[in-house]
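Student: Following this message is one structure expressed as structure tokens.
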Amino acid sequence: MSSREERRKQRDLDEARKAGNLPPEKDADGSEINPHIPQFISKAPWYVDPAGQTTLKHQRLDKPANDTPTTSSPATDWYARGQRAGPAATKYRRGACANCGALSHKTQDCMERPRKLGAKWSGKDIQADEVVKELDMGWDAKRDRWNGYDPEEHRRVVEEYEKLEEVRQKIKEQEAASANEPRTTGEGAQETEELNAAKSKNLRIREDKAKYLINLDLDSAHYDPKTRSMRENPNPSSESQTASASAFVGENFTRMTGDAQTFQDLQVFAWQAEERDAGIHLQANPTEGALKVAREKKEKQENDEEMQRVLRERYGGGAGTGQQQKLPEELLLAQSETYVEYSRHGIPLNKGHKGPSKSRYEEDVCPNNHTSVFGSWWSKIDGGRWGYACCHQFTRNSYCTGREGIVATEEAAAHARGISTHAEDEEPMRKAKPAVEDEEKGKVGKDVKEGREAEKKRKEIGMGITEEDLDEYRRKRRMFEDPMADYRDDGGL
């Protein structure tokens, strides 16, 4: 290490040579050295000349006379790791390692597994001595990061990349050959998938975009280059963030993934338990809090299942089979395939044709030879009842009797009222049925409807029924649809 005075004299000498007051310095061969050349160029590195003399010889490509590399140099001399100095000894030597029996190190520096009975006492399995080199390195040599590096190690990396390049070239040739051929399934498709997997494994995905390139606005989310993190969403008002699952929405989004939500639920439960004086502390005893949260969730799930079971048993819905009936998605989500356009204010522009609404029950089912569904006919007799329009029967599981059933129903109703029927009344009834159907369809005018009412009154008068009889019947008949029909006031509450 040179002193301060020596460094000062060397600096003054260099300035005098640069000014031309002193002759330039000469190397070992007698050649003059330009004083304006920097020191890091004119000074030989430690692995060429350990003395560090000023010369330019190391800048020239000089080969040895016999074209053979030197066997020893400061750049090639390094510790011989793993090399042994000859065969192992047959018996223990004094001063050797008590564990393995080698003379190259002490017992405390032995790198082998400690034996139950060392070589000093057993005299067996004595290891050979390691090769120990004493290297005299200077200040630069000790601090050089590449000191002791073997260039042959880099050759392995180069060979690996050359093999990968050959595989990529083969994949490109196969893709070019199969571009004009039709796609096949089986072994050919499997080989193509394997080639694509190998290609995607070795190549970087070019579609990945850096976070700081998503939004180039200066007022957008802050990007920290040291940690490579962008906590906020770079495009908070963009609609594409919800459309694509792979869109980047900021590092803060990951805070609510994984066990973060579970920890937040535990903390909320601990706060609520503290209000109830339950004595749960998440930091003091997290296991107790986790067990109580799991127990509470299980009890809540059991209570919900029990409530659903009770509702299914009371109101139906698959309680007998043990599984709930699954409603159609049209009823659950209120969705349809009808195309509707909306304005900028959310108002439908073309509402379109609204089709018939669907229910959870089977529609257009006509059992037992019926031609209409149950409930297609309403009778005002006896307070009103539902039945079949094809035969006027009120029993759901009955067989269809057709036109004869309608006549029999009318006769039975007339007989129950004490009115005799005549055969000649059948013809007006048959003529009146098309008018009834036309009225239900909305195709009969007001005049036709008034004519039907007048014809009905003339028919009832001809059968012996007067207006007074009809009024008395209306007062005394039982209203089945009246919820207060069976009410009896006993006077005591």
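In the structure tokens, chains take the letters A, B, ... in the order shown, each chain's residues start at 1, and ligands count up from 1 in the order shown.
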Can you list, as a ChimeraX atom specification, every protein, DNA or RNA residue that comes within 12 Å of Gly82 of chain A when you count only C-alpha atoms, leaving out same-chain residues fewer than 3 positions away?

Tutor: /A:79,85,111,128-132

Student: Could you pull out the alpha helix (DSSP H) residues of segment 81-223 of chain A from DSSP and send them as a ChimeraX atom specification?

Tutor: /A:119-122,139-143,151-178,187-202

Student: What does the distance between atom CA of Glu468 of chain A and atom CA of Arg417 of chain A come to in Å, to one decimal place?

Tutor: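 Straight-line distance from atom CA of Glu468 of chain A to atom CA of Arg417 of chain A works out to 14.6 Å.
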